[in-house]
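Text of start-v3.cif (mmCIF, C-alpha atoms) as supplied:
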```cif
data_protein
loop_
_atom_site.label_atom_id
_atom_site.label_comp_id
_atom_site.auth_asym_id
_atom_site.auth_seq_id
_atom_site.Cartn_x
_atom_site.Cartn_y
_atom_site.Cartn_z
CA MET A 3 -58.50 24.17 -6.72
CA LEU A 4 -61.67 25.40 -5.07
CA THR A 5 -62.19 29.15 -4.87
CA GLN A 6 -62.69 30.35 -1.31
CA THR A 7 -65.24 33.16 -1.12
CA THR A 8 -66.60 35.31 1.65
CA THR A 9 -68.79 38.40 2.02
CA ARG A 10 -68.60 41.05 4.72
CA VAL A 11 -69.37 44.68 5.52
CA LEU A 12 -66.36 46.79 4.59
CA GLU A 13 -64.64 49.03 7.12
CA PRO A 14 -62.84 52.37 6.68
CA SER A 15 -59.52 50.51 6.49
CA ASP A 16 -60.78 48.80 3.29
CA LEU A 17 -61.09 52.10 1.43
CA GLY A 18 -58.13 51.61 -0.91
CA ALA A 19 -59.26 48.18 -2.05
CA ALA A 20 -62.85 49.38 -2.51
CA LEU A 21 -61.76 52.34 -4.63
CA ALA A 22 -59.67 50.04 -6.81
CA VAL A 23 -62.80 48.02 -7.61
CA LEU A 24 -64.93 51.12 -8.16
CA GLU A 25 -62.39 52.83 -10.41
CA SER A 26 -62.05 49.76 -12.63
CA GLU A 27 -65.35 50.82 -14.26
CA PRO A 28 -65.37 54.62 -13.81
CA VAL A 29 -68.49 55.37 -15.87
CA ALA A 30 -70.83 52.67 -14.58
CA ASN A 31 -69.70 53.20 -10.99
CA ALA A 32 -69.62 57.01 -10.96
CA PHE A 33 -72.56 57.39 -8.56
CA VAL A 34 -71.15 55.15 -5.84
CA THR A 35 -67.53 56.19 -6.44
CA SER A 36 -68.40 59.85 -5.89
CA ARG A 37 -70.05 59.05 -2.56
CA VAL A 38 -67.16 56.89 -1.37
CA GLN A 39 -64.53 59.45 -2.38
CA ILE A 40 -66.32 62.05 -0.22
CA ALA A 41 -67.57 59.94 2.69
CA GLY A 42 -65.25 56.94 2.83
CA LEU A 43 -66.73 53.65 4.06
CA ASP A 44 -68.08 54.71 7.44
CA PRO A 45 -71.78 53.72 7.21
CA TRP A 46 -73.01 56.85 9.00
CA ARG A 47 -71.19 59.21 6.63
CA LEU A 48 -71.79 57.05 3.56
CA GLY A 49 -75.50 56.71 4.21
CA GLY A 50 -75.38 52.93 4.07
CA GLU A 51 -73.17 49.87 4.23
CA MET A 52 -70.70 48.74 1.60
CA TRP A 53 -70.61 44.98 1.25
CA GLY A 54 -67.53 43.32 -0.19
CA TRP A 55 -67.27 39.95 -1.91
CA TYR A 56 -63.88 38.26 -1.69
CA ALA A 57 -62.45 35.42 -3.78
CA ASN A 58 -59.31 33.79 -2.40
CA GLY A 59 -58.79 36.75 -0.11
CA GLN A 60 -59.04 39.41 -2.83
CA LEU A 61 -61.84 41.98 -2.95
CA ARG A 62 -63.56 41.49 -6.31
CA SER A 63 -67.08 42.91 -6.05
CA LEU A 64 -69.08 45.42 -4.02
CA CYS A 65 -72.69 46.16 -3.21
CA TYR A 66 -73.84 49.48 -1.79
CA SER A 67 -76.77 49.04 0.59
CA GLY A 68 -78.42 52.32 1.49
CA ALA A 69 -81.38 54.19 0.03
CA ASN A 70 -80.50 52.24 -3.11
CA LEU A 71 -79.15 48.71 -3.44
CA VAL A 72 -76.38 48.83 -6.07
CA PRO A 73 -74.35 45.81 -7.27
CA ILE A 74 -70.86 46.83 -8.42
CA CYS A 75 -68.55 44.79 -10.66
CA ALA A 76 -70.58 41.76 -9.56
CA GLY A 77 -70.55 38.42 -11.35
CA PRO A 78 -73.17 35.70 -10.77
CA GLU A 79 -71.52 34.24 -7.65
CA ALA A 80 -71.10 37.65 -6.02
CA VAL A 81 -74.70 38.56 -6.85
CA ARG A 82 -75.93 35.40 -5.13
CA ALA A 83 -73.92 36.26 -2.04
CA PHE A 84 -75.27 39.82 -2.01
CA ALA A 85 -78.84 38.55 -2.46
CA ASP A 86 -78.42 36.22 0.52
CA ARG A 87 -77.22 39.09 2.70
CA ALA A 88 -80.01 41.40 1.46
CA ARG A 89 -82.67 38.78 2.22
CA ARG A 90 -81.35 38.34 5.75
CA ALA A 91 -81.27 42.10 6.36
CA GLY A 92 -84.72 42.74 4.88
CA ARG A 93 -85.59 45.46 2.40
CA ARG A 94 -84.48 48.91 3.51
CA CYS A 95 -83.96 50.50 0.09
CA SER A 96 -86.38 52.38 -2.16
CA SER A 97 -84.80 50.98 -5.32
CA ILE A 98 -82.35 48.50 -6.78
CA VAL A 99 -80.27 50.09 -9.52
CA GLY A 100 -77.13 49.24 -11.43
CA PRO A 101 -75.76 47.61 -14.59
CA ALA A 102 -78.59 45.67 -16.19
CA GLU A 103 -77.25 42.10 -16.06
CA PRO A 104 -76.28 41.82 -12.38
CA THR A 105 -79.25 43.95 -11.31
CA ALA A 106 -81.63 41.64 -13.18
CA GLN A 107 -80.08 38.60 -11.51
CA LEU A 108 -80.23 40.28 -8.10
CA TRP A 109 -83.91 41.09 -8.59
CA ARG A 110 -84.75 37.54 -9.70
CA LEU A 111 -83.29 36.28 -6.43
CA LEU A 112 -84.95 38.94 -4.26
CA GLU A 113 -88.35 39.24 -5.94
CA PRO A 114 -89.95 36.23 -4.18
CA GLY A 115 -89.38 37.91 -0.81
CA TRP A 116 -89.28 41.58 -1.74
CA GLY A 117 -91.80 41.77 -4.55
CA PRO A 118 -93.86 42.98 -6.12
CA ALA A 119 -92.04 46.10 -7.23
CA ARG A 120 -93.91 49.28 -8.00
CA GLU A 121 -92.12 49.44 -11.36
CA VAL A 122 -89.28 47.63 -13.12
CA ARG A 123 -87.29 49.47 -15.78
CA ALA A 124 -85.31 46.62 -17.26
CA ASN A 125 -83.38 48.49 -19.96
CA GLN A 126 -82.07 52.01 -19.40
CA PRO A 127 -79.39 52.79 -21.98
CA LEU A 128 -76.18 54.18 -20.48
CA MET A 129 -74.83 56.96 -22.70
CA VAL A 130 -71.52 58.83 -22.67
CA ALA A 131 -69.95 61.84 -24.39
CA ASP A 132 -66.33 62.97 -24.29
CA SER A 133 -66.46 66.08 -26.47
CA PRO A 134 -68.76 69.11 -26.80
CA SER A 135 -71.63 68.83 -29.23
CA ALA A 136 -70.56 69.39 -32.81
CA GLU A 137 -74.14 69.67 -34.06
CA VAL A 138 -76.11 71.54 -31.39
CA ALA A 139 -75.10 75.01 -30.22
CA PRO A 140 -75.30 75.41 -26.43
CA ASP A 141 -78.00 77.65 -25.00
CA ARG A 142 -76.10 80.69 -23.70
CA GLN A 143 -78.90 81.45 -21.25
CA VAL A 144 -78.33 78.18 -19.39
CA ARG A 145 -76.25 79.06 -16.32
CA ARG A 146 -75.51 77.98 -12.79
CA VAL A 147 -78.41 78.38 -10.41
CA ARG A 148 -77.64 80.87 -7.62
CA LYS A 149 -78.17 80.08 -3.97
CA ASP A 150 -80.87 82.74 -3.73
CA GLU A 151 -82.83 80.99 -6.52
CA MET A 152 -83.59 77.86 -4.51
CA ASP A 153 -87.27 78.76 -4.28
CA VAL A 154 -87.41 79.25 -8.05
CA LEU A 155 -85.74 75.94 -8.83
CA MET A 156 -87.47 73.73 -6.27
CA PRO A 157 -90.89 73.45 -7.99
CA ALA A 158 -89.16 72.35 -11.21
CA CYS A 159 -87.15 69.74 -9.30
CA VAL A 160 -90.29 68.38 -7.65
CA ALA A 161 -92.10 68.24 -11.01
CA MET A 162 -89.15 66.42 -12.63
CA PHE A 163 -88.85 63.87 -9.82
CA THR A 164 -92.59 63.19 -9.78
CA GLU A 165 -92.70 62.69 -13.55
CA GLU A 166 -89.63 60.45 -13.56
CA VAL A 167 -90.15 58.33 -10.45
CA GLY A 168 -93.94 58.37 -10.19
CA ILE A 169 -94.12 59.65 -6.60
CA SER A 170 -93.50 63.06 -5.07
CA PRO A 171 -90.18 63.65 -3.29
CA LEU A 172 -92.15 65.66 -0.72
CA ALA A 173 -93.80 62.51 0.67
CA GLY A 174 -92.64 61.07 3.96
CA ASP A 175 -90.43 63.72 5.55
CA GLY A 176 -92.10 66.61 3.75
CA GLY A 177 -89.24 66.81 1.29
CA LEU A 178 -86.53 67.79 3.77
CA LEU A 179 -83.94 65.34 2.44
CA TYR A 180 -84.76 66.17 -1.16
CA GLN A 181 -84.54 69.90 -0.52
CA ALA A 182 -81.18 69.37 1.17
CA ARG A 183 -79.88 67.51 -1.89
CA VAL A 184 -81.09 70.25 -4.25
CA ALA A 185 -79.45 72.88 -2.05
CA GLU A 186 -76.23 70.85 -1.97
CA LEU A 187 -76.03 70.73 -5.77
CA ILE A 188 -76.70 74.47 -6.03
CA ALA A 189 -74.02 75.23 -3.45
CA ALA A 190 -71.54 73.01 -5.33
CA GLY A 191 -72.21 74.86 -8.59
CA ARG A 192 -73.59 71.75 -10.27
CA SER A 193 -77.19 72.87 -10.83
CA PHE A 194 -77.91 74.55 -14.18
CA ALA A 195 -81.03 76.18 -15.57
CA ARG A 196 -82.51 78.59 -18.02
CA ILE A 197 -84.75 80.91 -16.02
CA GLU A 198 -87.12 83.42 -17.63
CA ASP A 199 -89.35 85.82 -15.68
CA GLY A 200 -88.80 83.87 -12.48
CA LYS A 201 -89.73 80.51 -14.03
CA VAL A 202 -87.51 77.56 -14.92
CA VAL A 203 -87.64 76.74 -18.64
CA PHE A 204 -84.92 74.06 -18.63
CA LYS A 205 -82.88 72.48 -15.86
CA ALA A 206 -80.34 69.73 -15.28
CA GLU A 207 -77.75 68.84 -12.67
CA ILE A 208 -74.32 67.29 -12.69
CA GLY A 209 -74.95 64.77 -9.95
CA ALA A 210 -72.20 62.23 -9.38
CA THR A 211 -68.68 63.53 -10.01
CA THR A 212 -65.27 61.85 -9.96
CA PRO A 213 -61.98 62.84 -11.61
CA GLN A 214 -62.66 60.19 -14.27
CA ALA A 215 -66.36 60.68 -15.05
CA CYS A 216 -69.50 62.53 -14.07
CA GLN A 217 -73.20 61.96 -14.52
CA ILE A 218 -75.93 64.36 -15.65
CA GLN A 219 -79.31 63.91 -14.00
CA GLY A 220 -82.65 65.63 -13.51
CA VAL A 221 -83.07 66.85 -17.09
CA TRP A 222 -86.41 68.65 -17.37
CA VAL A 223 -88.20 71.18 -19.58
CA ALA A 224 -91.33 73.00 -18.43
CA PRO A 225 -94.34 71.46 -20.23
CA GLU A 226 -95.34 74.68 -21.98
CA PHE A 227 -91.85 74.97 -23.51
CA ARG A 228 -91.50 71.42 -24.75
CA GLY A 229 -91.03 70.72 -28.44
CA ARG A 230 -88.97 73.87 -29.03
CA GLY A 231 -85.49 72.36 -28.74
CA TYR A 232 -84.71 73.64 -25.24
CA SER A 233 -83.68 70.18 -24.05
CA GLU A 234 -81.05 69.82 -26.78
CA THR A 235 -79.54 73.28 -26.51
CA GLY A 236 -79.73 73.15 -22.72
CA MET A 237 -78.03 69.77 -22.57
CA ALA A 238 -75.36 70.96 -24.97
CA ALA A 239 -74.63 73.79 -22.55
CA VAL A 240 -74.48 71.50 -19.49
CA LEU A 241 -72.29 69.05 -21.41
CA ARG A 242 -69.84 71.81 -22.22
CA HIS A 243 -69.69 72.89 -18.57
CA ALA A 244 -69.19 69.30 -17.41
CA LEU A 245 -66.37 68.55 -19.84
CA THR A 246 -64.62 71.84 -19.21
CA GLU A 247 -64.86 71.93 -15.44
CA VAL A 248 -65.61 68.49 -14.03
CA ALA A 249 -64.47 65.34 -15.87
CA PRO A 250 -63.30 64.07 -19.29
CA ILE A 251 -66.29 61.73 -19.69
CA VAL A 252 -69.93 62.70 -19.13
CA SER A 253 -72.61 60.06 -18.72
CA LEU A 254 -76.34 59.68 -18.22
CA TYR A 255 -78.89 56.94 -18.42
CA VAL A 256 -82.35 57.14 -19.89
CA ASN A 257 -85.43 54.94 -20.11
CA ASP A 258 -85.45 52.85 -23.29
CA TYR A 259 -89.03 53.85 -24.07
CA ASN A 260 -88.13 57.56 -24.06
CA THR A 261 -87.33 57.62 -27.76
CA PRO A 262 -87.35 61.43 -28.16
CA ALA A 263 -84.81 61.86 -25.34
CA ARG A 264 -82.54 59.14 -26.72
CA LYS A 265 -82.58 60.77 -30.15
CA SER A 266 -81.86 64.19 -28.65
CA TYR A 267 -78.95 62.90 -26.61
CA SER A 268 -77.53 61.14 -29.67
CA ARG A 269 -77.77 64.36 -31.67
CA ILE A 270 -75.87 66.21 -28.93
CA GLY A 271 -73.10 63.62 -29.16
CA PHE A 272 -73.90 60.98 -26.56
CA ARG A 273 -73.46 57.34 -27.57
CA GLU A 274 -74.79 54.19 -25.92
CA VAL A 275 -72.18 52.06 -24.15
CA GLY A 276 -74.29 49.77 -21.98
CA ALA A 277 -77.50 49.58 -20.00
CA PHE A 278 -78.72 50.09 -16.46
CA MET A 279 -81.77 48.62 -14.77
CA SER A 280 -83.91 50.08 -12.00
CA VAL A 281 -86.39 48.36 -9.69
CA LEU A 282 -88.59 50.89 -7.88
CA PHE A 283 -90.51 50.14 -4.68
#
```
Any chance you could give the structure as structure tokens?
Amino acid sequence: MLTQTTTRVLEPSDLGAALAVLESEPVANAFVTSRVQIAGLDPWRLGGEMWGWYANGQLRSLCYSGANLVPICAGPEAVRAFADRARRAGRRCSSIVGPAEPTAQLWRLLEPGWGPAREVRANQPLMVADSPSAEVAPDRQVRRVRKDEMDVLMPACVAMFTEEVGISPLAGDGGLLYQARVAELIAAGRSFARIEDGKVVFKAEIGATTPQACQIQGVWVAPEFRGRGYSETGMAAVLRHALTEVAPIVSLYVNDYNTPARKSYSRIGFREVGAFMSVLF
């Protein structure tokens, strides 16, 4: 029997089916799941379209198409369908990111029309922890950033983003969207830092959050404080907060070439469970 497949933009009425797909892989899908749980599937609120791939009338795979293009629970046939739709729509995203295998296939199909990329990070280990660090004591000076400390935190956020992505988040709109996201995380109590004499020593955020899993992002230590263990003790503190107050599983992903960070995260208690891939434009 031939499998009948189709692809379409999902509507708000498809929310239950979409969440069932997303929640089948709670760690890998935490970023998109958190957005959908808050915004639903309305493109204006979600910040992009959600494409659905159906096999014999059942929703099997998704692809978020917004500032990022993100394949979700997508096998080879679904990836081909998503690539066809993305080619027709033209590139609107600043990156393609997701589990390494489907993202690599998606990029192979899109590269002839969308390439070259500014950078391809083909292997970014996905790491998880489900218990506080047994080896590294948390830094007791790492705390939630207050709303009135936005001006203190912002330069550290800009420095982190520029180091990590290779471009400044202040380009284009002058940083308005990026500042809004930083302010949102502070207001939600998910931005953490060690601040001494009005300067950020260490910072990290709990970005995506769902009842099943959350994701730490934006880990950064001021250059003059590097090599002193602040990243490990700071991350141990953020991990403890995340497990206690947010979700039973904490995740992050890191560039494979960042050997010191991978070793630090392993020492804190994170273990590798898969890999992501990012294509940056």
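This file, filtered with the PyMOL selection byres ((chain A and resi 162-172) around 10), gives the residues Arg120, Glu121, Met156, Pro157, Ala158, Cys159, Val160, Ala161, Ala173, Gly174, Asp175, Gly176, Gly177, Leu178, Leu179, Tyr180, Gln181, Lys205, Ala206, Gly220, Val221, Trp222, Val223, Ala224, Asn257 and Leu282 of chain A.
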Distance query Glu137 (chain A) at most 12 Å, only C-alpha atoms, self and fewer than 4 positions along chain excluded, as a compact mmCIF listing (two decimals) with C-alpha atoms, keeping the file's coordinate frame:
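The new file part-v9.txt reads:
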```txt
# COMPACT_ATOMS: atom_id res chain seq x y z
CA SER A 133 -66.46 66.08 -26.47
CA GLU A 234 -81.05 69.82 -26.78
CA THR A 235 -79.54 73.28 -26.51
CA ALA A 238 -75.36 70.96 -24.97
CA SER A 266 -81.86 64.19 -28.65
CA TYR A 267 -78.95 62.90 -26.61
CA SER A 268 -77.53 61.14 -29.67
CA ARG A 269 -77.77 64.36 -31.67
CA ILE A 270 -75.87 66.21 -28.93
CA GLY A 271 -73.10 63.62 -29.16
CA PHE A 272 -73.90 60.98 -26.56
```
Just the residues within 7 Å of region 97-103 of chain A, please, counting all atoms listed in the file, with nothing from its chain fewer than 4 positions along; format it as a ChimeraX atom specification. /A:70-73,107,124-125,277-283
Counting all atoms listed in the file, write as an NGL selection string all protein and nucleic acid residues lying at most 12 Å from (-74.4, 53.1, 5.4) in the file's frame. :A and (11-14 or 34 or 37-38 or 41-53 or 65-71 or 94-95)
Could you please determine the separation between CA of Pro213 (chain A) and CA of Ser36 (chain A) in Å, to one decimal place?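 Computing it gives 9.1 Å between the two atoms.
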Return the single residue from A:Ser135, A:Ser253, A:Gln214, A:Thr7 that is closest to Asn58 (chain A), with distances computed using all atoms listed in the file. A:Thr7
I need the residue set behind the PyMOL selection byres ((chain A and resi 131) around 12) for this file; please write it as a VMD selection string. chain A and resid 29 128 to 130 132 to 136 215 to 218 237 to 238 240 to 242 244 to 245 249 to 255 267 to 275
On this file, the PyMOL selection byres ((chain A and resi 108) around 9) gives some set of residues; write that set as a list in words.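 On the file shown, the PyMOL selection byres ((chain A and resi 108) around 9) covers Pro73, Pro78, Val81, Arg82, Phe84, Ala85, Ile98, Glu103, Pro104, Thr105, Ala106, Gln107, Trp109, Arg110, Leu111, Leu112 and Glu113 of chain A.
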Determine, counting all atoms listed in the file, every residue of protein, DNA or RNA that lies within 10 Å of (-60.0, 39.2, -4.5) in the file coordinates, then give the result as a PyMOL selection string. chain A and resi 6-8+19+23+54-63
